[in-house]
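Colleague: Enclosed is the structure file entry.txt (compact mmCIF, C-alpha atoms).
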# COMPACT_ATOMS: atom_id res chain seq x y z
CA MET A 1 0.00 0.00 0.00
CA MET A 2 2.78 2.43 0.89
CA LYS A 3 4.58 1.63 -2.36
CA PHE A 4 1.40 2.30 -4.37
CA ALA A 5 0.81 5.58 -2.50
CA SER A 6 4.34 6.74 -3.31
CA LYS A 7 3.63 6.19 -7.02
CA MET A 8 0.33 8.08 -7.01
CA PRO A 9 1.79 11.46 -8.11
CA VAL A 10 3.50 9.79 -11.09
CA ILE A 11 0.33 7.90 -12.00
CA LEU A 12 -1.72 11.10 -11.82
CA LEU A 13 0.85 12.85 -14.01
CA TYR A 14 0.49 10.15 -16.66
CA VAL A 15 -3.32 10.35 -16.43
CA VAL A 16 -3.30 14.14 -16.86
CA ALA A 17 -0.86 13.95 -19.77
CA ALA A 18 -2.90 11.24 -21.51
CA ALA A 19 -6.15 13.17 -20.98
CA LEU A 20 -4.61 16.35 -22.42
CA VAL A 21 -3.25 14.51 -25.44
CA ALA A 22 -6.68 12.99 -26.15
CA TYR A 23 -8.35 16.36 -25.62
CA SER A 24 -5.87 18.13 -27.92
CA ILE A 25 -6.45 15.58 -30.68
CA GLY A 26 -10.18 16.12 -30.29
CA LEU A 27 -9.75 19.88 -30.65
CA ALA A 28 -7.63 19.43 -33.77
CA LEU A 29 -10.28 17.24 -35.38
CA THR A 30 -13.43 19.15 -34.43
CA SER A 31 -12.70 22.87 -34.10
CA ASN A 32 -11.02 25.86 -35.70
CA PHE A 33 -7.31 26.57 -35.50
CA ASN A 34 -7.25 29.47 -33.04
CA MET A 35 -5.24 30.98 -30.22
CA GLY A 36 -7.10 29.07 -27.50
CA ASN A 37 -6.47 25.72 -29.14
CA LEU A 38 -2.84 26.63 -29.75
CA MET A 39 -2.39 27.35 -26.04
CA VAL A 40 -3.97 24.00 -25.13
CA TRP A 41 -1.57 22.25 -27.49
CA LEU A 42 1.42 24.07 -25.98
CA LEU A 43 0.28 23.15 -22.47
CA THR A 44 -0.17 19.54 -23.56
CA ALA A 45 3.31 19.46 -25.12
CA MET A 46 4.89 20.84 -21.94
CA ILE A 47 3.16 18.39 -19.60
CA ALA A 48 3.76 15.44 -21.94
CA ALA A 49 7.44 16.34 -22.23
CA TYR A 50 7.79 16.60 -18.45
CA THR A 51 5.98 13.26 -18.03
CA ILE A 52 8.38 11.50 -20.41
CA TRP A 53 11.61 13.16 -19.21
CA ARG A 54 10.60 14.04 -15.65
CA LYS A 55 13.70 12.59 -13.95
CA PRO A 56 16.38 14.45 -15.96
CA LEU A 57 14.23 17.60 -16.03
CA HIS A 58 13.65 17.44 -12.28
CA THR A 59 17.39 17.15 -11.72
CA TRP A 60 18.13 20.03 -14.11
CA PHE A 61 15.50 22.31 -12.58
CA HIS A 62 16.91 21.81 -9.09
CA THR A 63 20.58 22.17 -10.00
CA PRO A 64 22.06 25.65 -9.42
CA GLY A 65 22.46 27.47 -12.71
CA ALA A 66 20.29 27.86 -15.80
CA GLY A 67 17.90 25.07 -14.87
CA HIS A 68 17.14 26.64 -11.51
CA ILE A 69 16.45 30.01 -13.15
CA VAL A 70 14.14 28.41 -15.71
CA TRP A 71 12.28 26.60 -12.91
CA TRP A 72 11.61 29.81 -11.00
CA CYS A 73 10.57 31.66 -14.16
CA LEU A 74 8.11 28.90 -15.04
CA LEU A 75 6.77 28.88 -11.49
CA VAL A 76 6.21 32.66 -11.41
CA ILE A 77 4.59 32.68 -14.85
CA GLY A 78 2.37 29.74 -13.88
CA VAL A 79 1.19 31.41 -10.67
CA LEU A 80 0.47 34.71 -12.43
CA TYR A 81 -1.38 32.98 -15.24
CA ALA A 82 -3.44 30.94 -12.78
CA GLY A 83 -4.34 34.21 -11.05
CA LEU A 84 -5.49 35.68 -14.37
CA VAL A 85 -7.61 32.62 -15.12
CA ALA A 86 -9.20 32.86 -11.65
CA PHE A 87 -9.96 36.56 -12.24
CA VAL A 88 -11.54 35.74 -15.61
CA ALA A 89 -13.67 33.02 -13.99
CA VAL A 90 -15.04 35.34 -11.29
CA SER A 91 -15.22 38.76 -12.96
CA GLY A 92 -17.87 37.78 -15.50
CA TYR A 93 -20.50 37.64 -12.76
CA THR A 94 -19.79 40.96 -11.03
CA ASN A 95 -21.98 43.30 -13.10
CA PRO A 96 -25.45 41.69 -13.41
CA PRO A 97 -28.38 43.37 -15.20
CA THR A 98 -30.80 45.52 -13.23
CA GLY A 99 -33.85 44.78 -15.36
CA GLN A 100 -34.08 48.44 -16.39
CA GLU A 101 -32.00 48.07 -19.55
CA LYS A 102 -33.57 49.26 -22.82
CA VAL A 103 -31.19 47.48 -25.21
CA LEU A 104 -29.73 43.98 -25.30
CA VAL A 105 -26.55 43.50 -27.37
CA VAL A 106 -25.60 39.92 -28.25
CA LEU A 107 -21.92 39.54 -29.16
CA GLY A 108 -20.96 37.20 -32.00
CA ALA A 109 -18.84 34.08 -31.49
CA GLY A 110 -18.49 32.26 -34.79
CA LEU A 111 -20.69 30.25 -37.14
CA ARG A 112 -20.54 26.76 -38.58
CA ARG A 113 -21.28 27.65 -42.19
CA ASP A 114 -24.55 29.57 -41.66
CA LYS A 115 -25.51 28.29 -38.20
CA PRO A 116 -24.38 29.55 -34.77
CA SER A 117 -21.60 27.57 -33.13
CA THR A 118 -22.29 25.85 -29.82
CA LEU A 119 -20.55 28.68 -27.97
CA LEU A 120 -22.74 31.24 -29.75
CA ARG A 121 -25.94 29.26 -29.15
CA TYR A 122 -25.28 29.48 -25.42
CA ARG A 123 -25.21 33.28 -25.76
CA LEU A 124 -28.30 33.40 -27.97
CA ASP A 125 -30.35 31.16 -25.70
CA LYS A 126 -29.45 33.35 -22.73
CA ALA A 127 -30.37 36.46 -24.71
CA TYR A 128 -33.67 34.93 -25.80
CA ASP A 129 -34.71 34.10 -22.24
CA TYR A 130 -33.89 37.63 -21.08
CA ALA A 131 -35.65 39.28 -24.02
CA MET A 132 -38.80 37.23 -23.51
CA ALA A 133 -38.80 38.10 -19.80
CA HIS A 134 -38.38 41.82 -20.66
CA PRO A 135 -40.74 42.51 -23.58
CA ASP A 136 -39.71 46.17 -23.90
CA VAL A 137 -36.02 45.49 -24.53
CA PHE A 138 -34.64 46.06 -28.06
CA VAL A 139 -32.14 43.45 -29.28
CA VAL A 140 -29.02 43.92 -31.42
CA THR A 141 -27.18 40.88 -32.76
CA SER A 142 -23.63 41.92 -33.59
CA GLY A 143 -21.02 40.15 -35.70
CA GLY A 144 -19.43 40.31 -39.15
CA GLN A 145 -18.65 37.55 -41.62
CA GLY A 146 -15.49 35.46 -41.27
CA ARG A 147 -13.68 33.71 -44.10
CA ASP A 148 -15.27 30.34 -43.22
CA GLU A 149 -18.78 31.67 -42.63
CA TRP A 150 -21.49 31.65 -45.29
CA VAL A 151 -23.39 34.65 -43.89
CA PRO A 152 -22.66 37.48 -41.44
CA GLU A 153 -22.86 36.41 -37.80
CA GLY A 154 -25.30 39.18 -36.93
CA GLN A 155 -27.78 37.98 -39.55
CA ALA A 156 -27.51 34.31 -38.54
CA MET A 157 -27.96 35.29 -34.88
CA ARG A 158 -31.06 37.34 -35.71
CA ASP A 159 -32.52 34.45 -37.70
CA TYR A 160 -31.87 32.09 -34.78
CA LEU A 161 -33.70 34.31 -32.29
CA ILE A 162 -36.64 34.83 -34.63
CA GLU A 163 -36.93 31.08 -35.24
CA LYS A 164 -37.07 30.61 -31.46
CA GLY A 165 -39.99 33.04 -31.27
CA LEU A 166 -38.61 36.56 -30.80
CA PRO A 167 -40.71 39.06 -32.80
CA PRO A 168 -38.75 40.30 -35.86
CA GLU A 169 -39.47 43.95 -35.08
CA ARG A 170 -37.63 43.64 -31.76
CA VAL A 171 -34.27 42.51 -33.14
CA VAL A 172 -31.87 44.10 -35.63
CA ALA A 173 -28.58 42.76 -36.98
CA GLU A 174 -25.23 44.56 -37.07
CA ASN A 175 -23.26 42.69 -39.72
CA ALA A 176 -19.95 44.51 -40.13
CA SER A 177 -17.96 44.15 -36.93
CA THR A 178 -14.79 42.03 -36.79
CA SER A 179 -13.92 42.38 -33.07
CA THR A 180 -15.54 43.01 -29.70
CA GLU A 181 -14.49 46.65 -29.98
CA GLU A 182 -16.38 47.03 -33.24
CA ASN A 183 -19.34 45.06 -31.86
CA PHE A 184 -20.03 47.97 -29.55
CA SER A 185 -18.95 50.93 -31.66
CA LEU A 186 -20.96 49.78 -34.70
CA SER A 187 -23.90 48.74 -32.54
CA LEU A 188 -23.99 52.25 -31.08
CA GLU A 189 -24.08 53.75 -34.59
CA LEU A 190 -26.93 51.39 -35.48
CA LEU A 191 -28.86 52.13 -32.29
CA GLN A 192 -28.68 55.85 -32.95
CA GLN A 193 -30.76 55.22 -36.07
CA TYR A 194 -33.49 53.81 -33.81
CA GLY A 195 -33.53 56.71 -31.36
CA PHE A 196 -31.12 55.36 -28.75
CA ASP A 197 -27.82 56.93 -27.69
CA GLU A 198 -24.74 56.28 -25.55
CA ASN A 199 -26.69 57.07 -22.37
CA THR A 200 -29.27 54.35 -23.01
CA PRO A 201 -28.94 51.57 -20.41
CA ILE A 202 -27.74 48.43 -22.19
CA VAL A 203 -27.00 44.86 -21.23
CA TYR A 204 -24.72 42.72 -23.36
CA VAL A 205 -24.63 38.93 -23.58
CA SER A 206 -21.43 36.93 -23.82
CA ASN A 207 -19.98 33.82 -22.25
CA ALA A 208 -18.92 34.45 -18.67
CA PHE A 209 -15.19 34.28 -19.40
CA HIS A 210 -15.51 37.15 -21.89
CA CYS A 211 -17.78 39.49 -19.94
CA TYR A 212 -15.19 41.58 -18.09
CA ARG A 213 -13.19 42.57 -21.16
CA ALA A 214 -16.35 43.07 -23.21
CA GLY A 215 -17.57 45.54 -20.59
CA CYS A 216 -14.34 47.49 -20.89
CA TYR A 217 -14.80 47.78 -24.66
CA ALA A 218 -18.45 48.81 -24.24
CA LYS A 219 -17.39 51.75 -22.09
CA ARG A 220 -14.60 52.67 -24.48
CA ALA A 221 -17.17 52.73 -27.29
CA GLY A 222 -19.08 55.40 -25.37
CA PHE A 223 -21.84 53.54 -23.53
CA THR A 224 -22.29 55.00 -20.05
CA GLN A 225 -24.73 52.52 -18.48
CA VAL A 226 -23.58 48.97 -19.12
CA THR A 227 -24.35 45.65 -17.45
CA SER A 228 -23.54 42.09 -18.47
CA LEU A 229 -25.53 38.89 -18.82
CA PRO A 230 -23.07 35.97 -18.68
CA SER A 231 -23.91 32.70 -20.37
CA ALA A 232 -22.33 29.33 -19.69
CA THR A 233 -19.50 27.84 -21.73
CA PRO A 234 -19.67 24.37 -23.34
CA TRP A 235 -17.48 22.04 -21.28
CA ARG A 236 -15.25 21.11 -24.22
CA SER A 237 -14.47 24.80 -24.80
CA VAL A 238 -13.68 25.76 -21.21
CA LEU A 239 -9.92 25.14 -21.27
CA PRO A 240 -9.08 26.89 -24.57
CA CYS A 241 -11.47 29.77 -23.89
CA TYR A 242 -10.20 30.52 -20.40
CA LEU A 243 -6.53 30.13 -21.34
CA ARG A 244 -7.01 32.44 -24.32
CA GLU A 245 -9.06 35.01 -22.40
CA ALA A 246 -6.46 35.27 -19.64
CA LEU A 247 -3.87 36.14 -22.28
CA ALA A 248 -6.28 38.53 -24.03
CA LEU A 249 -7.02 40.29 -20.74
CA ALA A 250 -3.34 40.82 -19.97
CA TYR A 251 -2.91 42.10 -23.53
CA TYR A 252 -5.84 44.50 -23.07
CA TRP A 253 -4.43 45.91 -19.85
CA VAL A 254 -1.20 46.74 -21.71
CA PHE A 255 -2.46 47.89 -25.13
CA LYS A 256 -6.13 48.81 -24.39
CA THR A 257 -7.12 47.22 -27.70
CA SER A 258 -7.16 43.95 -29.60
CA SER A 259 -6.83 45.60 -33.02
CA SER A 260 -3.15 46.51 -32.94
CA GLY A 261 0.15 45.54 -31.36
CA PRO A 262 2.25 42.35 -31.67
CA MET A 263 -0.55 39.92 -30.72
CA HIS A 264 -2.77 41.29 -33.49
CA ALA A 265 -0.17 40.15 -36.03
CA MET A 266 -0.13 36.70 -34.40
CA VAL A 267 -3.93 36.46 -34.53
CA GLY A 268 -3.77 37.44 -38.20
CA LEU A 269 -1.28 34.65 -38.87
CA LEU A 270 -3.58 32.14 -37.19
CA ASP A 271 -6.50 33.46 -39.23
CA LEU A 272 -4.58 32.81 -42.45
CA ASN A 273 -4.34 29.15 -41.45
CA LYS A 274 -8.03 28.83 -40.60
CA ARG A 275 -9.01 27.71 -44.06
CA PHE A 276 -6.63 24.76 -43.89
CA PHE A 277 -7.43 23.76 -40.31
CA TYR A 278 -11.16 24.55 -40.31
CA LYS A 279 -13.37 21.56 -39.56
Now, as a test, write the supplied structure out as structure tokens.
Modeller:
Amino acid sequence: MMKFASKMPVILLYVVAAALVAYSIGLALTSNFNMGNLMVWLLTAMIAAYTIWRKPLHTWFHTPGAGHIVWWCLLVIGVLYAGLVAFVAVSGYTNPPTGQEKVLVVLGAGLRRDKPSTLLRYRLDKAYDYAMAHPDVFVVTSGGQGRDEWVPEGQAMRDYLIEKGLPPERVVAENASTSTEENFSLSLELLQQYGFDENTPIVYVSNAFHCYRAGCYAKRAGFTQVTSLPSATPWRSVLPCYLREALALAYYWVFKTSSSGPMHAMVGLLDLNKRFFYK
């Protein structure tokens, strides 16, 4: 029994590594090539490498010199990143709607051809429930058309809500935005055509991990009264979404945007590969 207990950490390490490898293969076969998936693959490669070469790596990490420095750098980065992920997990629930909002903005999250992705359906279902419970709220579905999408996201999202039973006159599509920043700035321009302005109380719908940063962009777009309605995240998307959002949040705090800077070039490079990796 004691011998088995002493091997438990190693056994758990192998289990985690095997689970991550299987999960990474699943992502490669069933989803887009994006930053979140790339981060999962990097994490998988690191843990798998440590599992295979744990003894020499453990010795190197704990030997004075370069290995010791690398160990402490990895430890500090890991702790900071875990803190960011924890902040992302909690912050999405800190600004709930009051029920007095006049406008509901649904943020886009990708299509499968001309149908909302699972992640986006979670947002749309949440938006539908809120809109039906608040019959005076006006709905904007916001999202442009990606290279792998047959129609603009905003239009597909509007169609989805109408098919579920939302009256067509209560929902309008914004079809030109390519980022969360543009979701809000272009939605504001559209809303002004319907008699609303930046002082109109709005609530936006996104998955919980995305709500904090989305709120920052809403305020930067000019909205003064903003609340968030967080939706759940499909279990298979939790790891890539939270890993990616933690990085995106740190990037936002530095650059205050997602449309410029070094990471924007990286995202563009990944987008160029989408056509090949798209499933």
Colleague: Quick check, in Å to one decimal: how far apart do atom CA of A:Cys211 and atom CA of A:Phe223 lie?
Modeller: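 Here the two named atoms are 15.1 Å from each other.
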Colleague: With all atoms listed in the file counted and 10 Å as the cut-off, give the residues of stretch 23-123 of chain A in contact with stretch 142-160 of chain A, each with its shortest interatomic distance in Å and the pair that gives it, as a tab-separated table.
Modeller:
residue	atom	partner	partner_atom	distance
A:Asn32	CA	A:Asp148	CA	9.7
A:Val105	CA	A:Ser142	CA	7.1
A:Val106	CA	A:Ser142	CA	6.0
A:Leu107	CA	A:Ser142	CA	5.3
A:Gly108	CA	A:Gly143	CA	4.7
A:Ala109	CA	A:Gly143	CA	7.7
A:Gly110	CA	A:Glu153	CA	6.7
A:Leu111	CA	A:Glu149	CA	6.0
A:Arg112	CA	A:Glu149	CA	6.6
A:Arg113	CA	A:Glu149	CA	4.8
A:Asp114	CA	A:Trp150	CA	5.2
A:Lys115	CA	A:Ala156	CA	6.4
A:Pro116	CA	A:Met157	CA	6.8
A:Leu120	CA	A:Met157	CA	8.4
A:Arg121	CA	A:Met157	CA	8.6
A:Arg123	CA	A:Met157	CA	9.7
Colleague: Find the distance between atom CA of A:Ser231 and atom CA of A:Ala28 and write it in Å to one decimal.
Modeller: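 Taking atom CA of A:Ser231 as the start and atom CA of A:Ala28 as the end point, the length is 24.9 Å.
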Colleague: Please determine, counting all atoms listed in the file, which residue among A:Thr51, A:Asn37, A:Thr44, A:Ser31 has the shortest atom-to-atom distance to A:Pro9.
Modeller: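 Of A:Thr51, A:Asn37, A:Thr44, A:Ser31, the one nearest A:Pro9 is A:Thr51, counting all atoms listed in the file.
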Colleague: So what do you get for atom CA of A:Glu181 versus atom CA of A:Gly99, distance-wise?
Modeller: 24.3 Å
Colleague: Between A:Leu84, A:Gln100, A:Trp72, A:Gly26, single out the one closest to A:Ala246, counting only C-alpha atoms.
Modeller: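 The shortest atom-to-atom distance to A:Ala246 comes from A:Leu84.
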Colleague: For stretch 67-79 of chain A, what centre and edge lengths in Å (one decimal) does the axis-aligned box get once 4 Å is added on each side of all its listed atoms, as lines of an AutoDock Vina configuration file?
Modeller:
center_x = 9.5
center_y = 28.9
center_z = -13.2
size_x = 24.7
size_y = 15.6
size_z = 13.0
Colleague: Might you pull out every residue within 9 Å of A:Gln225, with all atoms listed in the file counted and same-chain residues fewer than 5 positions away left off, and present them as a list in words?
Modeller: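 Once the adjacent positions are removed, what remains is Glu101, Glu198, Asn199, Thr200, Pro201, Ile202, Val203 and Lys219 of chain A.
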Colleague: Generate a file of the selected residues that holds C-alpha atoms, formatted as a CSV table (one decimal), in the coordinates of the input.
Modeller:
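File written: result29.csv
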chain,number,residue,atom,x,y,z
A,101,GLU,CA,-32.0,48.1,-19.6
A,198,GLU,CA,-24.7,56.3,-25.6
A,199,ASN,CA,-26.7,57.1,-22.4
A,200,THR,CA,-29.3,54.4,-23.0
A,201,PRO,CA,-28.9,51.6,-20.4
A,202,ILE,CA,-27.7,48.4,-22.2
A,203,VAL,CA,-27.0,44.9,-21.2
A,219,LYS,CA,-17.4,51.8,-22.1
Colleague: Excluding same-chain residues fewer than 6 positions from stretch 207-209 of chain A, what lies within 9 Å of it counting only C-alpha atoms, as a PDB file with C-alpha atoms, in the coordinates of the input?
Modeller:
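Resulting contents of part_1.pdb:
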ATOM      1  CA  VAL A  85      -7.610  32.620 -15.120  1.00  0.00           C
ATOM      2  CA  VAL A  88     -11.540  35.740 -15.610  1.00  0.00           C
ATOM      3  CA  ALA A  89     -13.670  33.020 -13.990  1.00  0.00           C
ATOM      4  CA  VAL A  90     -15.040  35.340 -11.290  1.00  0.00           C
ATOM      5  CA  SER A  91     -15.220  38.760 -12.960  1.00  0.00           C
ATOM      6  CA  GLY A  92     -17.870  37.780 -15.500  1.00  0.00           C
ATOM      7  CA  TYR A  93     -20.500  37.640 -12.760  1.00  0.00           C
ATOM      8  CA  LEU A 119     -20.550  28.680 -27.970  1.00  0.00           C
ATOM      9  CA  LEU A 120     -22.740  31.240 -29.750  1.00  0.00           C
ATOM     10  CA  TYR A 122     -25.280  29.480 -25.420  1.00  0.00           C
ATOM     11  CA  ARG A 123     -25.210  33.280 -25.760  1.00  0.00           C
ATOM     12  CA  SER A 228     -23.540  42.090 -18.470  1.00  0.00           C
ATOM     13  CA  LEU A 229     -25.530  38.890 -18.820  1.00  0.00           C
ATOM     14  CA  PRO A 230     -23.070  35.970 -18.680  1.00  0.00           C
ATOM     15  CA  SER A 231     -23.910  32.700 -20.370  1.00  0.00           C
ATOM     16  CA  ALA A 232     -22.330  29.330 -19.690  1.00  0.00           C
ATOM     17  CA  THR A 233     -19.500  27.840 -21.730  1.00  0.00           C
ATOM     18  CA  VAL A 238     -13.680  25.760 -21.210  1.00  0.00           C
ATOM     19  CA  CYS A 241     -11.470  29.770 -23.890  1.00  0.00           C
ATOM     20  CA  TYR A 242     -10.200  30.520 -20.400  1.00  0.00           C
ATOM     21  CA  GLU A 245      -9.060  35.010 -22.400  1.00  0.00           C
ATOM     22  CA  ALA A 246      -6.460  35.270 -19.640  1.00  0.00           C
TER      23      ALA A 246
END
Colleague: Here is a test: counting only C-alpha atoms, which residue of A:Leu186, A:Val140, A:Val226, A:Ala131 is nearest to A:Gly165?
Modeller: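 Using only C-alpha atoms, A:Gly165 sits closest to A:Ala131.
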Colleague: Residues within 12 Å of A:Met46, please, as a list of chain:residue names. Count all atoms listed in the file; anything in the same chain fewer than 3 positions from it doesn't count.
Modeller: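 Using all atoms listed in the file, the neighbours found are A:Leu13, A:Val16, A:Ala17, A:Leu20, A:Val21, A:Met39, A:Val40, A:Trp41, A:Leu42, A:Leu43, A:Ala49, A:Tyr50, A:Thr51, A:Ile52, A:Trp53, A:Arg54, A:Leu57, A:Leu74.
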Colleague: Please, can stretch 190-213 of chain A be completed to N, CA, C and O atoms and returned as a compact mmCIF listing (two decimals), keeping the file's coordinate frame?
Modeller:
# COMPACT_ATOMS: atom_id res chain seq x y z
N LEU A 190 -25.66 51.95 -35.04
CA LEU A 190 -26.93 51.39 -35.48
C LEU A 190 -28.07 51.81 -34.55
O LEU A 190 -29.17 52.18 -35.01
N LEU A 191 -27.82 51.76 -33.26
CA LEU A 191 -28.86 52.13 -32.29
C LEU A 191 -29.28 53.58 -32.42
O LEU A 191 -30.45 53.92 -32.18
N GLN A 192 -28.35 54.44 -32.79
CA GLN A 192 -28.68 55.85 -32.95
C GLN A 192 -29.72 56.05 -34.05
O GLN A 192 -30.48 57.02 -34.03
N GLN A 193 -29.76 55.14 -35.02
CA GLN A 193 -30.76 55.22 -36.07
C GLN A 193 -32.15 54.86 -35.56
O GLN A 193 -33.16 55.17 -36.21
N TYR A 194 -32.21 54.21 -34.40
CA TYR A 194 -33.49 53.81 -33.81
C TYR A 194 -33.86 54.66 -32.60
O TYR A 194 -34.76 54.31 -31.84
N GLY A 195 -33.17 55.78 -32.42
CA GLY A 195 -33.53 56.71 -31.36
C GLY A 195 -32.84 56.50 -30.04
O GLY A 195 -33.15 57.19 -29.07
N PHE A 196 -31.88 55.58 -29.97
CA PHE A 196 -31.12 55.36 -28.75
C PHE A 196 -29.81 56.15 -28.82
O PHE A 196 -29.41 56.62 -29.89
N ASP A 197 -29.12 56.26 -27.69
CA ASP A 197 -27.82 56.93 -27.69
C ASP A 197 -26.91 56.28 -26.66
O ASP A 197 -27.27 55.26 -26.05
N GLU A 198 -25.73 56.89 -26.44
CA GLU A 198 -24.74 56.28 -25.55
C GLU A 198 -25.18 56.27 -24.09
O GLU A 198 -24.62 55.53 -23.27
N ASN A 199 -26.20 57.04 -23.75
CA ASN A 199 -26.69 57.07 -22.37
C ASN A 199 -27.82 56.07 -22.12
O ASN A 199 -28.31 55.97 -20.99
N THR A 200 -28.24 55.38 -23.16
CA THR A 200 -29.27 54.35 -23.01
C THR A 200 -28.72 53.18 -22.20
O THR A 200 -27.64 52.67 -22.50
N PRO A 201 -29.42 52.74 -21.17
CA PRO A 201 -28.94 51.57 -20.41
C PRO A 201 -28.96 50.32 -21.29
O PRO A 201 -29.98 50.00 -21.90
N ILE A 202 -27.82 49.64 -21.38
CA ILE A 202 -27.74 48.43 -22.19
C ILE A 202 -27.23 47.27 -21.35
O ILE A 202 -26.54 47.46 -20.34
N VAL A 203 -27.58 46.08 -21.78
CA VAL A 203 -27.00 44.86 -21.23
C VAL A 203 -26.46 44.06 -22.41
O VAL A 203 -27.12 43.98 -23.45
N TYR A 204 -25.28 43.53 -22.28
CA TYR A 204 -24.72 42.72 -23.36
C TYR A 204 -24.62 41.27 -22.90
O TYR A 204 -24.46 40.98 -21.71
N VAL A 205 -24.71 40.36 -23.87
CA VAL A 205 -24.63 38.93 -23.58
C VAL A 205 -23.36 38.37 -24.18
O VAL A 205 -23.08 38.56 -25.37
N SER A 206 -22.59 37.67 -23.36
CA SER A 206 -21.43 36.93 -23.82
C SER A 206 -21.22 35.77 -22.85
O SER A 206 -21.87 35.70 -21.82
N ASN A 207 -20.32 34.88 -23.20
CA ASN A 207 -19.98 33.82 -22.25
C ASN A 207 -19.26 34.43 -21.06
O ASN A 207 -18.56 35.44 -21.19
N ALA A 208 -19.40 33.85 -19.91
CA ALA A 208 -18.92 34.45 -18.67
C ALA A 208 -17.45 34.83 -18.73
O ALA A 208 -17.04 35.89 -18.23
N PHE A 209 -16.62 34.00 -19.36
CA PHE A 209 -15.19 34.28 -19.40
C PHE A 209 -14.86 35.57 -20.14
O PHE A 209 -13.82 36.18 -19.92
N HIS A 210 -15.76 36.00 -21.01
CA HIS A 210 -15.51 37.15 -21.89
C HIS A 210 -16.13 38.45 -21.37
O HIS A 210 -15.85 39.53 -21.89
N CYS A 211 -16.96 38.35 -20.34
CA CYS A 211 -17.78 39.49 -19.94
C CYS A 211 -16.97 40.68 -19.43
O CYS A 211 -17.30 41.84 -19.72
N TYR A 212 -15.93 40.44 -18.65
CA TYR A 212 -15.19 41.58 -18.09
C TYR A 212 -14.57 42.43 -19.19
O TYR A 212 -14.75 43.65 -19.23
N ARG A 213 -13.86 41.81 -20.10
CA ARG A 213 -13.19 42.57 -21.16
C ARG A 213 -14.20 43.21 -22.10
O ARG A 213 -14.00 44.34 -22.57
